[in-house]
$ cat final23.cif   # mmCIF, C-alpha atoms
data_run
#
loop_
_atom_site.label_atom_id
_atom_site.label_comp_id
_atom_site.auth_asym_id
_atom_site.auth_seq_id
_atom_site.Cartn_x
_atom_site.Cartn_y
_atom_site.Cartn_z
CA MET A 1 154.45 -36.86 113.14
CA LYS A 2 154.12 -40.16 111.27
CA ILE A 3 157.81 -40.92 111.76
CA ALA A 4 157.54 -40.22 115.46
CA ILE A 5 154.49 -42.51 115.73
CA ARG A 6 156.30 -45.26 113.82
CA MET A 7 159.42 -44.92 116.00
CA LEU A 8 157.30 -45.09 119.16
CA SER A 9 155.52 -48.19 117.81
CA ILE A 10 158.83 -49.87 117.06
CA ALA A 11 160.21 -48.93 120.49
CA THR A 12 157.07 -50.26 122.18
CA VAL A 13 157.26 -53.58 120.30
CA ILE A 14 160.97 -53.95 121.05
CA LEU A 15 160.45 -53.22 124.75
CA TRP A 16 157.58 -55.71 124.97
CA ILE A 17 159.78 -58.35 123.31
CA VAL A 18 162.58 -57.57 125.79
CA ILE A 19 160.17 -57.87 128.73
CA LEU A 20 158.70 -61.13 127.47
CA PHE A 21 162.14 -62.55 126.65
CA PHE A 22 163.49 -61.62 130.08
CA SER A 23 160.41 -62.97 131.87
CA VAL A 24 160.44 -66.30 130.05
CA THR A 25 164.20 -66.84 130.33
CA ALA A 26 164.15 -65.74 133.99
CA VAL A 27 161.45 -68.30 134.86
CA TYR A 28 163.37 -70.96 132.92
CA SER A 29 166.61 -70.00 134.68
CA VAL A 30 165.02 -70.15 138.14
CA MET A 31 163.75 -73.64 137.35
CA ASN A 32 167.29 -74.67 136.42
CA VAL A 33 168.95 -73.47 139.60
CA GLY A 34 169.68 -76.41 141.87
CA VAL A 35 170.27 -75.99 145.57
CA SER A 36 171.32 -78.87 147.76
CA VAL A 37 172.04 -78.66 151.45
CA GLY A 38 174.21 -81.28 153.15
CA GLU A 39 174.06 -82.57 156.68
CA VAL A 40 175.16 -80.35 159.52
CA GLN A 41 178.62 -81.34 160.73
CA MET A 42 179.79 -80.71 164.27
CA LEU A 43 183.53 -80.18 164.55
CA PRO A 44 185.44 -79.59 167.79
CA SER A 45 187.43 -76.37 167.94
CA SER A 46 189.77 -74.77 170.44
CA LYS A 47 187.02 -72.63 171.95
CA GLY A 48 184.08 -74.99 171.68
CA VAL A 49 182.41 -76.47 168.67
CA THR A 50 181.91 -75.41 165.09
CA PHE A 51 178.79 -76.25 163.14
CA SER A 52 179.31 -76.50 159.44
CA LEU A 53 176.44 -76.56 156.96
CA PRO A 54 177.72 -77.51 153.50
CA PHE A 55 175.64 -76.45 150.53
CA SER A 56 176.02 -76.38 146.79
CA ILE A 57 174.30 -74.28 144.13
CA THR A 58 174.20 -75.27 140.48
CA ASN A 59 173.35 -72.42 138.15
CA ASP A 60 172.24 -73.90 134.83
CA GLY A 61 170.13 -70.88 133.96
CA TYR A 62 170.80 -68.01 131.58
CA TYR A 63 171.68 -65.42 134.21
CA ASP A 64 174.28 -64.95 136.91
CA LEU A 65 173.38 -65.11 140.56
CA ALA A 66 175.13 -62.43 142.59
CA ASP A 67 175.60 -61.34 146.18
CA LEU A 68 174.51 -64.58 147.81
CA ASN A 69 174.38 -63.84 151.50
CA LEU A 70 173.56 -66.41 154.16
CA THR A 71 173.26 -65.07 157.68
CA THR A 72 172.37 -66.91 160.86
CA ARG A 73 171.61 -65.20 164.14
CA ILE A 74 171.38 -67.22 167.32
CA THR A 75 169.51 -65.66 170.20
CA GLU A 76 168.47 -66.74 173.65
CA PRO A 77 164.74 -66.91 174.42
CA ASN A 78 165.06 -63.50 176.14
CA GLY A 79 166.43 -62.00 172.93
CA THR A 80 170.13 -61.80 173.83
CA VAL A 81 172.19 -62.29 170.68
CA LEU A 82 174.74 -65.08 171.10
CA ASP A 83 176.15 -65.27 167.60
CA VAL A 84 175.79 -63.69 164.18
CA THR A 85 177.53 -65.45 161.30
CA GLU A 86 177.54 -64.43 157.68
CA THR A 87 178.59 -66.34 154.56
CA ILE A 88 178.91 -64.40 151.33
CA VAL A 89 179.34 -65.78 147.82
CA PRO A 90 179.96 -62.77 145.54
CA SER A 91 178.92 -64.38 142.28
CA ILE A 92 177.68 -67.63 140.76
CA PRO A 93 178.09 -67.19 137.00
CA LYS A 94 175.72 -69.01 134.66
CA GLY A 95 176.72 -72.57 133.86
CA THR A 96 178.79 -73.00 137.01
CA ASP A 97 178.25 -74.55 140.38
CA ILE A 98 179.71 -73.62 143.72
CA ASN A 99 180.29 -75.61 146.87
CA ALA A 100 180.43 -73.65 150.08
CA SER A 101 179.69 -74.14 153.72
CA HIS A 102 178.17 -71.92 156.32
CA THR A 103 180.26 -72.19 159.46
CA ILE A 104 178.90 -71.24 162.86
CA PRO A 105 181.58 -71.19 165.54
CA ILE A 106 180.15 -71.67 169.02
CA ASP A 107 182.43 -70.12 171.63
CA LEU A 108 181.40 -72.05 174.72
CA GLU A 109 183.40 -69.80 177.03
CA SER A 110 181.45 -66.71 176.02
CA ILE A 111 178.12 -68.57 176.07
CA LEU A 112 178.80 -70.05 179.47
CA SER A 113 180.19 -66.88 180.95
CA LEU A 114 178.66 -65.47 184.12
CA ASP A 115 175.93 -63.70 182.17
CA HIS A 116 174.73 -66.99 180.78
CA ILE A 117 175.39 -69.26 183.75
CA SER A 118 171.81 -70.50 183.61
CA LEU A 119 172.67 -72.12 180.27
CA LEU A 120 175.24 -74.22 182.12
CA LEU A 121 172.78 -75.46 184.71
CA ASN A 122 169.40 -75.40 182.97
CA ASP A 123 168.16 -76.77 179.67
CA SER A 124 166.94 -74.09 177.34
CA SER A 125 166.37 -73.42 173.68
CA PHE A 126 167.96 -71.12 171.14
CA ASN A 127 166.18 -69.25 168.44
CA VAL A 128 168.07 -69.50 165.15
CA GLU A 129 167.08 -66.93 162.55
CA VAL A 130 168.24 -67.68 159.03
CA PHE A 131 168.35 -65.00 156.33
CA ALA A 132 169.36 -65.72 152.75
CA GLY A 133 169.51 -63.21 149.95
CA LEU A 134 170.72 -63.12 146.39
CA ASN A 135 170.48 -60.95 143.36
CA PHE A 136 169.02 -62.82 140.40
CA ALA A 137 170.41 -61.62 137.06
CA ARG A 138 171.73 -58.60 138.99
CA ALA A 139 168.22 -57.20 138.63
CA VAL A 140 165.80 -59.11 140.85
CA PRO A 141 166.71 -59.29 144.55
CA VAL A 142 165.31 -62.35 146.32
CA GLN A 143 165.28 -62.79 150.08
CA LEU A 144 164.37 -65.76 152.25
CA ALA A 145 163.93 -65.72 155.99
CA THR A 146 163.01 -68.38 158.47
CA ASN A 147 163.61 -69.21 162.08
CA VAL A 148 163.94 -72.45 163.94
CA THR A 149 164.17 -73.33 167.59
CA LEU A 150 167.11 -75.47 168.69
CA PRO A 151 167.03 -77.20 172.07
CA TRP A 152 170.02 -76.55 174.32
CA GLY A 153 171.07 -79.29 176.71
CA ALA A 154 172.84 -77.97 179.80
CA PRO A 155 176.16 -79.71 180.53
CA LEU A 156 175.53 -79.51 184.28
CA ALA A 157 171.76 -79.96 184.32
CA ASN A 158 170.01 -80.55 187.63
CA PHE A 159 173.21 -79.77 189.53
CA ALA A 160 172.66 -80.54 193.20
CA VAL A 161 174.78 -80.59 196.32
CA GLY A 162 173.65 -82.89 199.15
CA ALA A 163 174.17 -82.66 202.87
CA ILE A 164 177.81 -82.47 203.93
CA SER A 165 178.89 -85.27 206.21
CA VAL A 166 182.02 -84.97 208.33
CA SER A 167 184.09 -87.79 209.74
CA PRO A 168 187.46 -87.86 211.54
CA TYR A 169 190.48 -88.22 209.27
CA ASN A 170 193.62 -87.67 211.36
CA ASP A 171 194.82 -85.63 214.31
CA THR A 172 194.78 -82.34 212.44
CA HIS A 173 192.11 -82.75 209.78
CA SER A 174 188.63 -84.14 209.28
CA GLU A 175 187.16 -85.62 206.14
CA ALA A 176 184.06 -83.92 204.72
CA SER A 177 182.10 -85.65 202.03
CA ILE A 178 180.09 -83.43 199.67
CA PRO A 179 177.62 -85.35 197.48
CA VAL A 180 177.40 -83.80 194.03
CA SER A 181 175.15 -84.88 191.19
CA PHE A 182 174.26 -83.58 187.76
CA GLU A 183 173.31 -84.77 184.30
CA ASN A 184 175.19 -83.90 181.14
CA HIS A 185 172.41 -82.99 178.71
CA ALA A 186 174.87 -81.38 176.27
CA MET A 187 175.79 -82.95 172.95
CA LEU A 188 179.45 -82.95 174.00
CA ASP A 189 181.25 -84.99 176.59
CA ILE A 190 182.56 -82.82 179.38
CA ALA A 191 185.92 -83.40 180.99
CA GLY A 192 187.70 -81.12 183.41
CA SER A 193 188.31 -80.33 187.00
CA LEU A 194 185.74 -79.16 189.51
CA LYS A 195 187.17 -77.07 192.30
CA LEU A 196 184.95 -76.22 195.24
CA GLU A 197 185.34 -74.00 198.24
CA VAL A 198 182.94 -74.46 201.16
CA TYR A 199 181.78 -71.34 203.02
CA ASN A 200 179.62 -71.28 206.15
CA ASN A 201 176.67 -68.97 206.60
CA SER A 202 179.06 -66.25 207.85
CA ASP A 203 180.97 -66.47 204.56
CA GLU A 204 184.06 -67.95 206.21
CA GLN A 205 185.93 -70.48 204.09
CA ILE A 206 185.91 -73.89 205.73
CA ALA A 207 187.56 -76.14 203.20
CA SER A 208 188.38 -76.57 199.55
CA GLY A 209 188.89 -79.51 197.27
CA ILE A 210 189.25 -80.47 193.66
CA THR A 211 188.18 -83.47 191.64
CA ALA A 212 188.44 -84.58 188.05
CA ILE A 213 185.21 -85.00 186.19
CA ASN A 214 184.60 -86.86 182.94
CA VAL A 215 180.98 -87.31 181.98
CA GLN A 216 179.83 -88.44 178.58
CA SER A 217 176.95 -86.84 176.77
CA GLN A 218 173.53 -87.77 178.13
CA GLN A 219 175.09 -89.44 181.19
CA SER A 220 174.66 -88.67 184.88
CA TYR A 221 177.32 -87.89 187.43
CA VAL A 222 176.75 -88.92 191.03
CA ASP A 223 179.68 -88.87 193.40
CA SER A 224 180.94 -87.47 196.65
CA ILE A 225 183.79 -85.03 196.62
CA LEU A 226 186.07 -85.30 199.59
CA VAL A 227 187.61 -82.27 201.23
CA TYR A 228 189.83 -82.16 204.28
CA PRO A 229 189.20 -79.21 206.57
CA ARG A 230 191.32 -78.57 209.63
CA LEU A 231 189.72 -79.59 212.92
CA TYR A 232 189.59 -75.94 213.91
CA ASP A 233 187.62 -75.07 210.78
CA VAL A 234 185.21 -77.99 211.07
CA SER A 235 183.78 -76.43 214.20
CA LYS A 236 182.79 -73.39 212.12
CA LEU A 237 180.85 -75.51 209.61
CA THR A 238 177.17 -74.59 209.76
CA GLY A 239 174.11 -76.51 208.64
CA SER A 240 173.73 -74.28 205.63
CA GLY A 241 176.04 -72.11 203.58
CA ARG A 242 177.27 -71.92 200.08
CA ILE A 243 179.91 -73.47 197.90
CA HIS A 244 181.96 -71.64 195.32
CA MET A 245 182.26 -73.86 192.27
CA LEU A 246 184.98 -73.47 189.65
CA PHE A 247 184.70 -75.79 186.69
CA GLU A 248 187.63 -75.79 184.27
CA THR A 249 187.76 -77.61 180.96
CA PRO A 250 190.13 -77.15 178.00
CA MET A 251 187.26 -75.29 176.25
CA PHE A 252 185.83 -73.09 178.97
CA THR A 253 186.03 -72.06 182.60
CA VAL A 254 182.97 -71.18 184.63
CA GLU A 255 182.35 -70.37 188.24
CA TRP A 256 179.21 -70.00 190.26
CA TRP A 257 177.83 -70.27 193.79
CA GLU A 258 175.75 -73.23 194.93
CA PRO A 259 173.89 -73.35 198.28
CA TYR A 260 174.12 -76.35 200.54
CA GLY A 261 172.12 -77.51 203.53
CA MET B 1 120.55 -44.73 101.68
CA ALA B 2 120.08 -48.50 102.14
CA GLU B 3 122.81 -49.11 99.52
CA LEU B 4 125.12 -46.71 101.33
CA ASN B 5 124.53 -48.53 104.64
CA ALA B 6 125.12 -51.95 103.05
CA ASP B 7 128.27 -50.64 101.40
CA PHE B 8 129.44 -49.18 104.73
CA VAL B 9 128.73 -52.48 106.52
CA THR B 10 130.48 -54.70 103.94
CA LYS B 11 133.44 -52.43 103.28
CA THR B 12 134.08 -50.94 106.72
CA VAL B 13 132.22 -52.64 109.57
CA LEU B 14 132.55 -56.30 108.52
CA PRO B 15 136.31 -56.22 107.90
CA ARG B 16 136.81 -54.45 111.23
CA VAL B 17 134.65 -56.97 113.10
CA LEU B 18 136.47 -59.86 111.45
CA LYS B 19 139.84 -58.26 112.17
CA ALA B 20 138.77 -57.61 115.78
CA ALA B 21 137.64 -61.22 116.18
CA VAL B 22 140.95 -62.53 114.82
CA TRP B 23 142.95 -60.16 117.03
CA GLY B 24 140.83 -61.08 120.05
CA THR B 25 141.40 -64.79 119.50
CA PHE B 26 145.10 -64.28 118.80
CA THR B 27 145.49 -62.17 121.95
CA PHE B 28 143.69 -64.77 124.07
CA VAL B 29 145.93 -67.54 122.73
CA ILE B 30 149.13 -65.53 123.32
CA VAL B 31 148.18 -64.07 126.71
CA TYR B 32 146.37 -67.02 128.31
CA TYR B 33 146.67 -70.28 126.39
CA VAL B 34 150.43 -70.25 125.68
CA PRO B 35 151.48 -69.27 129.26
CA MET B 36 149.15 -71.93 130.70
CA MET B 37 150.83 -74.50 128.45
CA LEU B 38 154.32 -73.33 129.46
CA ILE B 39 153.75 -73.25 133.22
CA PRO B 40 154.64 -76.71 134.59
CA LYS B 41 151.65 -78.42 136.16
CA ASP B 42 153.66 -79.89 139.04
CA ILE B 43 154.41 -76.48 140.59
CA PRO B 44 152.24 -76.18 143.70
CA GLN B 45 149.89 -73.21 143.90
CA SER B 46 151.51 -72.23 147.23
CA MET B 47 154.67 -71.28 145.31
CA PHE B 48 152.81 -68.28 143.90
CA PRO B 49 151.72 -65.29 145.93
CA PHE B 50 148.39 -65.29 144.09
CA ASP B 51 146.05 -67.59 142.19
CA TYR B 52 147.97 -67.38 138.93
CA THR B 53 145.29 -69.04 136.73
CA ALA B 54 142.64 -66.56 137.86
CA GLN B 55 145.02 -63.59 137.51
CA LEU B 56 146.13 -64.74 134.08
CA PHE B 57 142.53 -65.13 132.99
CA GLU B 58 141.70 -61.62 134.25
CA PHE B 59 144.69 -60.22 132.37
CA ALA B 60 143.63 -62.14 129.25
CA LEU B 61 140.13 -60.65 129.48
CA ILE B 62 141.53 -57.13 129.79
CA SER B 63 143.90 -57.73 126.88
CA VAL B 64 141.18 -59.25 124.67
CA PHE B 65 138.75 -56.41 125.45
CA PHE B 66 141.26 -53.73 124.49
CA ALA B 67 142.49 -55.69 121.46
CA VAL B 68 138.92 -55.99 120.13
CA ALA B 69 138.02 -52.38 120.96
CA GLY B 70 141.29 -51.16 119.44
CA GLN B 71 140.61 -52.99 116.18
CA LEU B 72 136.94 -51.97 115.99
CA PHE B 73 137.86 -48.30 116.40
CA SER B 74 141.22 -48.40 114.63
CA ARG B 75 142.29 -45.23 112.84
CA THR B 76 139.86 -43.20 114.96
CA VAL B 77 140.33 -40.91 117.93
CA ILE B 78 138.20 -43.30 120.01
CA GLY B 79 140.65 -46.11 119.13
CA CYS B 80 143.50 -43.93 120.40
CA GLY B 81 141.49 -43.33 123.59
CA PHE B 82 141.18 -47.08 124.05
CA GLY B 83 144.92 -47.41 123.48
CA ILE B 84 145.66 -44.89 126.25
CA ALA B 85 143.09 -46.55 128.53
CA ARG B 86 144.68 -49.96 127.90
CA ALA B 87 148.13 -48.64 128.87
CA LEU B 88 146.78 -47.09 132.09
CA VAL B 89 144.82 -50.23 132.99
CA VAL B 90 147.86 -52.46 132.37
CA ILE B 91 150.07 -50.22 134.57
CA ALA B 92 147.47 -50.26 137.37
CA TYR B 93 146.91 -54.01 136.97
CA PHE B 94 150.62 -54.87 137.31
CA PHE B 95 151.01 -52.50 140.25
CA ILE B 96 148.11 -54.15 142.08
CA VAL B 97 149.03 -57.75 141.23
CA SER B 98 152.72 -57.33 142.10
CA ASP B 99 151.91 -55.39 145.27
CA GLY B 100 154.02 -52.44 144.14
CA GLY B 101 156.79 -54.65 142.75
CA VAL B 102 157.59 -56.67 145.87
CA PHE B 103 156.10 -60.15 146.18
CA SER B 104 155.99 -61.75 149.60
CA ILE B 105 154.97 -65.35 150.15
CA THR B 106 155.16 -67.76 153.04
CA LEU B 107 156.08 -71.32 152.16
CA PRO B 108 155.77 -74.22 154.58
CA VAL B 109 158.95 -76.32 154.28
CA SER B 110 158.75 -79.48 156.43
CA GLU B 111 158.33 -78.11 159.99
CA VAL B 112 159.35 -74.51 159.39
CA THR B 113 157.87 -71.69 157.41
CA VAL B 114 160.03 -69.77 154.98
CA ASN B 115 159.21 -66.18 154.08
CA VAL B 116 160.23 -65.39 150.52
CA MET B 117 160.42 -61.87 149.16
CA VAL B 118 161.04 -61.18 145.48
CA ASP B 119 161.63 -57.61 144.33
CA ILE B 120 160.56 -57.27 140.70
CA SER B 121 160.60 -53.46 140.73
CA ILE B 122 162.86 -53.36 137.65
CA LEU B 123 160.46 -55.53 135.65
CA LEU B 124 157.57 -53.35 136.80
CA LEU B 125 159.51 -50.26 135.77
CA MET B 126 160.02 -51.75 132.30
CA ILE B 127 156.29 -52.49 132.00
CA VAL B 128 155.44 -48.95 133.12
CA SER B 129 157.95 -47.51 130.62
CA VAL B 130 156.60 -49.47 127.68
CA ASN B 131 153.05 -48.44 128.54
CA LEU B 132 154.09 -44.79 128.86
CA LEU B 133 155.56 -45.08 125.38
CA SER B 134 152.25 -46.58 124.27
CA ILE B 135 150.36 -43.62 125.77
CA ALA B 136 152.68 -41.19 123.94
CA LYS B 137 152.18 -43.10 120.67
CA ASN B 138 148.38 -43.02 121.00
CA LEU B 139 148.43 -39.31 121.84
CA PHE B 140 150.51 -38.59 118.72
CA GLU B 141 148.15 -40.76 116.67
CA ALA B 142 145.12 -38.89 118.00
CA ILE B 143 146.72 -35.53 117.22
CA SER B 144 147.68 -36.77 113.77
CA LEU B 145 144.14 -37.99 113.05
CA LEU B 146 142.57 -34.74 114.23
CA ASN B 147 145.12 -32.82 112.17
CA GLU B 148 144.33 -34.87 109.04
CA ASN B 149 140.56 -34.40 109.47
CA SER B 150 140.81 -30.67 110.07
CA THR B 151 143.01 -30.09 106.99
CA ARG B 152 141.19 -32.46 104.59
CA ILE B 153 139.39 -30.76 101.71
CA ASP B 154 136.31 -32.67 100.55
CA PHE B 155 135.73 -31.94 96.85
CA LYS B 156 132.39 -33.82 96.63
#
$ encode --input "final23.cif" --output "structure tokens"
Amino acid sequence: MKIAIRMLSIATVILWIVILFFSVTAVYSVMNVGVSVGEVQMLPSSKGVTFSLPFSITNDGYYDLADLNLTTRITEPNGTVLDVTETIVPSIPKGTDINASHTIPIDLESILSLDHISLLLNDSSFNVEVFAGLNFARAVPVQLATNVTLPWGAPLANFAVGAISVSPYNDTHSEASIPVSFENHAMLDIAGSLKLEVYNNSDEQIASGITAINVQSQQSYVDSILVYPRLYDVSKLTGSGRIHMLFETPMFTVEWWEPYG
Amino acid sequence: MAELNADFVTKTVLPRVLKAAVWGTFTFVIVYYVPMMLIPKDIPQSMFPFDYTAQLFEFALISVFFAVAGQLFSRTVIGCGFGIARALVVIAYFFIVSDGGVFSITLPVSEVTVNVMVDISILLLMIVSVNLLSIAKNLFEAISLLNENSTRIDFK
């Protein structure tokens, strides 16, 4: 019995020492982990833009950091998920430092597809949820979560089509002037071609035209696009109708309908 | 009878009280004073999910109480009972303070709030294990003491 009691006493003391040692060294290690986050870089890519967030972690503690996982989820205000990106660093051994970057590719074509056409024409905001997790000393999981709201500037904000004016052009065609205006609230310059097809209120195509557009970020576009309908078609032009817009850029192509009159 | 009482006080009670006082002071220094010295003063209180000075003081009081009681009643069944009670109280205390082993705090960082969750279940498990060992040790001690008393032959 006495031996058993002595062994239990020794085991208890050893375990308490282990707990205290781990607690003290863990607190010391946490205080010696340095995290620095660089500035967000915006890089153009073939499908849109890529945001890169460089960060470095210096582990001067006594324990390894494992399973570092940085996840960002971008959602529209209505909850539609636009992008989920994950960056994983399997291990940061003690006494080392790592440099990594969390890259969020923004595929403008998918964002500005028909389902999200309102993002093309109206300013909005995105909800960015950030989750970070790591395993401290492979024993203590730590998780961080936050969310921020990012404003979204529409590339064709306040898009408006004015009243169509028609004037004679030659014996076979007339010249129709379609005033178009919008503001580029996006952080990128937009350059591409805007093709439009004018339909009357009976959905008959009257004319079509194309123009090149190059608008810098935070600038307005106000111009009249000229189309040349045949004299026969001009007679079918009604006071109101709709215009089929097709906007093509090297990064994305979008189409939508815009009323006139 | 008066001589017997004086002898009992000087040979048994006084040493135990002195030993209990020393152990109580030592426990307070180790459990409260040293950690308070080691914790950097520039860490904001918001970094902790609880008021750590108050919690540490509470834990120090519990530790000092059981250290003093354990020394006053050492080598008795009551002392073993205090040992078991201390282990149970420490287990319950850590469970309550650590919210079952998962800390959650909300930190304001510039304009956003960051929710931090730290899972110290393994540390809690170690604390529970060591206290279970302590309970087993005190039970064995109590059995041993009862066994000694029941088999002792007094030749007076």
$ interface_residues --input "final23.cif" --of "chain B" --to "chain A" --cutoff "8 Å" --atoms "only C-alpha atoms" --output "VMD selection string"
chain B and resid 112 to 123 126 to 127 130 to 131 133 to 134 136 to 137 140 to 141 144
$ resolve_selection --input "final23.cif" --expression "the PyMOL selection byres ((chain A and resi 120) around 8)" --output "number ranges by chain"
A: 112, 116-119, 121-123, 154-157
$ atom_distance --input "final23.cif" --atom1 "CA of Leu72 in chain B" --atom2 "CA of Ser129 in chain B"
26.0 Å
$ residues_around --input "final23.cif" --residues "Gly48 in chain A" --least-positions-apart "6" --cutoff "10 Å" --atoms "all atoms listed in the file" --output "list in words"
Pro105, Ile106, Asp107, Leu108, Glu109, Ser110, Ile111, Leu188, Pro250, Met251 and Phe252 of chain A
$ write_last_selection --input "final23.cif" --atoms "C-alpha atoms" --output "compact mmCIF listing (two decimals), in the coordinates of the input"
# COMPACT_ATOMS: atom_id res chain seq x y z
CA PRO A 105 181.58 -71.19 165.54
CA ILE A 106 180.15 -71.67 169.02
CA ASP A 107 182.43 -70.12 171.63
CA LEU A 108 181.40 -72.05 174.72
CA GLU A 109 183.40 -69.80 177.03
CA SER A 110 181.45 -66.71 176.02
CA ILE A 111 178.12 -68.57 176.07
CA LEU A 188 179.45 -82.95 174.00
CA PRO A 250 190.13 -77.15 178.00
CA MET A 251 187.26 -75.29 176.25
CA PHE A 252 185.83 -73.09 178.97
$ atom_distance --input "final23.cif" --atom1 "CA of Phe66 in chain B" --atom2 "CA of Thr12 in chain B"
19.4 Å
$ closest_residue --input "final23.cif" --among "A:Leu194, A:Met187, A:Ile10, A:Ile210" --to "Leu43 in chain A" --atoms "all atoms listed in the file"
A:Met187
$ resolve_selection --input "final23.cif" --expression "the PyMOL selection byres ((chain A and resi 89) around 12)" --output "JSON, numbers by chain"
{"A": [55, 56, 57, 65, 66, 67, 68, 69, 70, 71, 86, 87, 88, 90, 91, 92, 93, 97, 98, 99, 100, 101, 102, 132, 133, 134, 135]}
$ atom_distance --input "final23.cif" --atom1 "CA of Thr72 in chain A" --atom2 "CA of Val35 in chain A"
17.9 Å
$ axis_aligned_box --input "final23.cif" --around "range 32-40 of chain B" --padding-each-side "4 Å" --output "JSON"
{"center_x": 150.5, "center_y": -71.9, "center_z": 130.1, "size_x": 16.3, "size_y": 17.7, "size_z": 16.9}
